[in-house]
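Asks: The structure follows.
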Amino acid sequence: MFYIDKNQLARQGQTLAKTKQLDWSGRFASLAKTSKYPSLKAFYQQGVISASTPLLDVPMVALDFETTGLDPSRDSIVSIGLVPMSISRIRCGESKHWIVKPETNLHSASVVVHGITHSAVADAPDFSNVIDTLLGCLRGKIVVAHHAPIERRFLHAALMRHLQEGIEFPVIDTMAIEAQFSRRKSQEIWRSLLGRQRTSIRLSDSRTRYHLPYYRQHNALTDAIACAELLQAQCVTHLSLDTPVSAIWS
Amino acid sequence: MQAEQSEVLDFFRRHSPFSDLSEEVLTNVANNVEIAYFRAQSTILPLGQDNHHWYVIRSGVVEVFRRDGKLYNRLGEGDFFGEQSLMLSRPIRFPVTALEDTLVYLIGEETFNYLFDNFEHFADYVEVEDLTRLRQSTTKREDGDSLLTAKVATLITSLPVSVSCTTTVQHAAIRMTEENVSSLLVIDSEKGQDVSSGSVVGIVTDLDIRSRLVAKGLSTDIAVADIMSTDLIYVQSNHFVFDAMMLMLKHNVQHLPVLKKEQHIGLISHLDILRYESQNSLFVVRSISNAQSVDELAALKQEVEGSFTRMVYQDANSKMIGSAMAAIGRSFKQRLCELAEAELGAPPVPYCFLALGSMARGEQLIVTDQDNALILDNSFEPKLHDDYFKALATFVSDGLARCGYSYCTGNIMASNIHWRQPLAVWRQYFTEWIQKPSAESLLHSGIFFDLEGVWGQINWAKELNQLIRQTATKNSRFLACMSRNALLRTPPLGFFKDFVMETDGRQSNSINMKRRGTAPIADLVRVHALAVGSQARNTFERLEDIIEAGILPPGRGLDLRDALEFIAMVRIRNQVSDIELKREPDNNIEPEYLSDFERKNLKEAFQILSSAQRYMKFRYQPGRVN
């Protein structure tokens, strides 16, 4: 994931919460008809689980992108990590990790964050080479991400560039969940009265609240796994396993 | 190609038994784990569930329970569970619950089996239930060329030299000079000409010629038969040099004929052993016997510690070390009795000086109390004789204290008038303890059931041991009382982080390995040994008798033996490291200084002890007495 400064993160978290919920099954059915690119068509044709599916039965895939910046129209994806999961298991054996050649220049700032250097990306495949596999991995699963707008918008933009058609899909955003449960209004008012900072809902801070281990390394895959673990912790802590998925997807 | 799980891999690299695997194997394992999060208080593995994963704790704490709901184990980061049901292909028998929020790595059954079958170290480390790991750790020691592993045969340089029993001493002395030997075998030519055990009737040594002939002014024309030692003590050629040494110590002889299939193949002397291994416990014993005062004896403390340390480095097992230290302790007592008699004059009536407890069991270590007592002749008249024996007891007791054997805090010493009594009173003591037992009366007298005579009329000690053996076996109430007391000291649950975990969940910083480990095992084994009428006093030897008698469930006796060996060796090694760091050695272990391997094995050893105690409770029903 990309490390955004706190204020930006907060603003985007709020916009996400207001996103209008869609009838995903219906949306997928109609996109399956209009979509032209074969693996994208297959992605929609696979359909989506019904909104009433209990969390316990939801097939998911935790996804994390590292990007050259925050603007999907100017910046591009540098690496992709994903790991299939359910609320009870994270299956590392089926995880994927790609470094791809960015379509735009690599900012020196993001080099510092990701540790991905120009020479590393020079040999990397083009994004177009991983599209089919990536869509295959996402097919039939609900995407889980920490601050999901990044993954959602960057994937949409990248597909637009390569396939001239974008992508829509439901996501479970662990940051939004964290905002909902760890930033209760009354608590935040107290905190501001006491002159304290708002509760951080960044990935590593959120993990600490659930006693998840600190991860020293950061790449798209470890962050995807870190996010997957966080979702498991959030679900068993705040929700019951028969909660319908519609309660947390968007 | 699989994506590399760098965080998982990193974690595995830091923890046994993964850290021993090759990078290639480890990467493969790490890349295929599954991850699961469990909230505090939630169930991870319920009783009776089928299990197809091995669980490794990434972070958090879990508790493992017995079926009856009692805490069995507490595990933290880097610990693992679920292996038992995988190895036995059985549903979960020990349910597991998260005590804190816990993240676990799950390793699939196939991967686990692959690691288990292909990597011996890994399997050793993991294997908990059938305990082969513990057994392996206690029975290594194949290599090394010390007196502990070398066979007697290696000391033999030439065939034994023999003479006929009718040969004159002078002629024998000439043969010894010609052959450059210090001892000869004596053959009864009527029984045969060769040196088979049937025809050898005695042994004659340099010392015999000096003390039995020259010193007494006898003629060199007499036959060797007149000065030879009969009652021969043999050693088998395939026994360890150490065994030969122990025989010499025990019987106070300096030469041993060596037999191989009934045939004499050589003679070895204490010098052969000393040459082989200078400065060993035999050497210390000799120094003790030669000491002329208590001051000189006290000065030997460092040599005792030295030989203790050396044995540990030579990979001696706890039985060897225990018996060597007991032999040294016995020599101190013997020499102190001699010195006391030299100072106080000859005893007015015969007596027997007793060793009790660990010395009598041949399980003495470096930190030990002096537990002793005196049996006096039945003609003992307190008014006439007790001043003498009180003085003797005090002399020996004070002397032992100066040599490093601290006074018994329970006052079980010959200086206490209760434990300085005629044989008839001792017989009465034992009869009462056994026939009219109560847990209270036996609480402090349990130690008398490990008893050995070390000086004087040692046959009296044998007599008392016989009395015990004959009466204790049949008395179930006595056994119930003994087992009740044997249950007073319990092992801890094991370790958790750097603490000792108690069964009730309490934590302490250190553990007394004697009080919580070796002593409860010795107590437990004593009860069984009394029940089966074993003549042995050493706990390992008693265990053999108990196993032979078949009163324990199959395999439990061996488990107990391994548990004792492991606990004793940890205790011993800890004392050695204290000695080396110039600290006063003690029986306390701080878990932070234990290796991962020691922790896991100790934990298991405690579990074995704990289950052995439960079995004893079931068998002798200590609950019905009080």
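Going through the structure tokens in order, the chains are called A, B, and so on, while each chain numbers its residues from 1 and the ligands are numbered from 1 in the order shown.
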Give me the residues within 7 Å of region 546-559 of chain B as a PyMOL selection string, counting only C-alpha atoms and dropping any in the same chain fewer than 5 places off.
Replies: chain B and resi 528-529+532+608
Asks: Fewer than 6 positions away in the same chain doesn't count, so skip those; otherwise give me all residues within 6 Å of region 93-108 of chain B, counting only C-alpha atoms, as a ChimeraX atom specification.
Replies: /B:33-47,53-66
Asks: Output C-alpha atoms of each residue in that selection to a file, as a PDB file, in the first residue's frame.
Replies:
```
ATOM      1  CA  VAL B  33       1.649 -21.707   5.537  1.00  0.00           C
ATOM      2  CA  GLU B  34      -1.864 -20.697   6.287  1.00  0.00           C
ATOM      3  CA  ILE B  35      -2.494 -17.958   8.797  1.00  0.00           C
ATOM      4  CA  ALA B  36      -5.296 -17.668  11.307  1.00  0.00           C
ATOM      5  CA  TYR B  37      -6.137 -15.177  14.019  1.00  0.00           C
ATOM      6  CA  PHE B  38      -7.804 -16.160  17.276  1.00  0.00           C
ATOM      7  CA  ARG B  39      -9.197 -13.719  19.728  1.00  0.00           C
ATOM      8  CA  ALA B  40      -8.390 -14.067  23.431  1.00  0.00           C
ATOM      9  CA  GLN B  41     -10.556 -16.734  25.113  1.00  0.00           C
ATOM     10  CA  SER B  42     -11.638 -18.302  21.831  1.00  0.00           C
ATOM     11  CA  THR B  43     -11.204 -21.991  21.159  1.00  0.00           C
ATOM     12  CA  ILE B  44      -8.510 -22.903  18.646  1.00  0.00           C
ATOM     13  CA  LEU B  45      -8.740 -26.675  18.713  1.00  0.00           C
ATOM     14  CA  PRO B  46     -11.776 -28.238  20.372  1.00  0.00           C
ATOM     15  CA  LEU B  47     -11.630 -31.674  21.971  1.00  0.00           C
ATOM     16  CA  HIS B  53      -2.533 -28.943  10.572  1.00  0.00           C
ATOM     17  CA  TRP B  54       0.413 -28.301  12.759  1.00  0.00           C
ATOM     18  CA  TYR B  55       0.056 -25.016  14.634  1.00  0.00           C
ATOM     19  CA  VAL B  56       2.989 -22.673  15.243  1.00  0.00           C
ATOM     20  CA  ILE B  57       2.353 -19.629  17.391  1.00  0.00           C
ATOM     21  CA  ARG B  58       3.419 -16.431  15.606  1.00  0.00           C
ATOM     22  CA  SER B  59       2.281 -14.125  18.389  1.00  0.00           C
ATOM     23  CA  GLY B  60       0.089 -14.417  21.454  1.00  0.00           C
ATOM     24  CA  VAL B  61      -0.390 -17.105  24.080  1.00  0.00           C
ATOM     25  CA  VAL B  62      -2.450 -20.294  24.137  1.00  0.00           C
ATOM     26  CA  GLU B  63      -3.353 -22.773  26.816  1.00  0.00           C
ATOM     27  CA  VAL B  64      -3.537 -26.522  26.348  1.00  0.00           C
ATOM     28  CA  PHE B  65      -5.907 -28.438  28.585  1.00  0.00           C
ATOM     29  CA  ARG B  66      -6.411 -31.970  29.732  1.00  0.00           C
TER      30      ARG B  66
END
```
Asks: Contacts from chain A to chain B, 7 Å maximum, only C-alpha atoms: show me the residue list as a list in words.
Replies: Ser88, Arg89, Ile90, Arg91, Cys92, Gly93, Ser95, Lys96, His97, Tyr210, His211, Leu212, Pro213, Tyr215, Gln217, Thr222, Glu229, Gln232, Ala233, Val236 and Thr237 of chain A
Asks: Skipping near chain neighbours, those fewer than 6 positions away, what residues fall within 8 Å of Ser237 (chain B) using only C-alpha atoms, listed as a ChimeraX atom specification?
Replies: /B:151-153,258-260
Asks: Using the selection just defined, write its residues with C-alpha atoms as a JSON list (two decimals), in the first residue's frame.
Replies:
```
[["chain", "number", "residue", "atom", "x", "y", "z"],
["B", 151, "LYS", "CA", 36.05, -50.82, 28.02],
["B", 152, "VAL", "CA", 38.11, -52.66, 30.60],
["B", 153, "ALA", "CA", 39.71, -54.70, 27.80],
["B", 258, "VAL", "CA", 39.52, -59.47, 34.19],
["B", 259, "LEU", "CA", 37.28, -62.20, 32.86],
["B", 260, "LYS", "CA", 36.13, -62.86, 29.36]]
```
Asks: What does the distance from CA of Val200 (chain B) to CA of Thr168 (chain B) come to in Å, to one decimal?
Replies: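 Answer for the CA of Val200 (chain B) to CA of Thr168 (chain B) separation: 16.8 Å.
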Asks: Quick one: DSSP strand (DSSP E) residues in region 39-218 of chain A, as a PyMOL selection string?
Replies: chain A and resi 60-67+77-85+90-91+96-99+142-145+171-173
Asks: Just to confirm, what's the straight-line distance from CA of Met320 (chain B) to CA of Ile412 (chain B) in Å (one decimal)?
Replies: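 Separation of CA of Met320 (chain B) and CA of Ile412 (chain B): 26.2 Å.
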Asks: Would you work out the distance separating CA of Tyr429 (chain B) from CA of Asn372 (chain B), expressed in Å to one decimal?
Replies: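 One can read the CA of Tyr429 (chain B) to CA of Asn372 (chain B) distance as 15.6 Å.
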Asks: Check the smallest atom-to-atom distance from each of B:Ile268, B:Ile468, B:Val25, B:Glu179 to Tyr234 (chain B) using only C-alpha atoms, then report the winner.
Replies: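 Answer, going by the shortest atom-to-atom distance: B:Ile268.
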Asks: Which residue out of A:Asp64, A:Asp242, A:Glu168, A:Glu178 has the minimum interatomic distance to Thr208 (chain A) when only C-alpha atoms are used?
Replies: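 For Thr208 (chain A), the nearest of the given residues is A:Glu178.
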Asks: Rank A:Pro170, A:Pro102, A:Gly81, A:Pro125 by their smallest atom-to-atom distance to Asp223 (chain A), using only C-alpha atoms, and report the top residue only.
Replies: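 Closest to Asp223 (chain A) of all the choices is A:Gly81.
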Asks: Using only C-alpha atoms, find the one residue out of B:Val454, B:Ala244, B:Leu267, B:Val284 that sits nearest to Leu159 (chain B).
Replies: B:Leu267
Asks: Pick out the residues sitting within 7 Å of Val48 (chain A), and hand them over as a list in words; count only C-alpha atoms, and ignore anything fewer than 6 positions along from it in its own chain.
Replies: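 So, after excluding close chain neighbours, the residues are Trp24, Ser25 and Gly140 of chain A.
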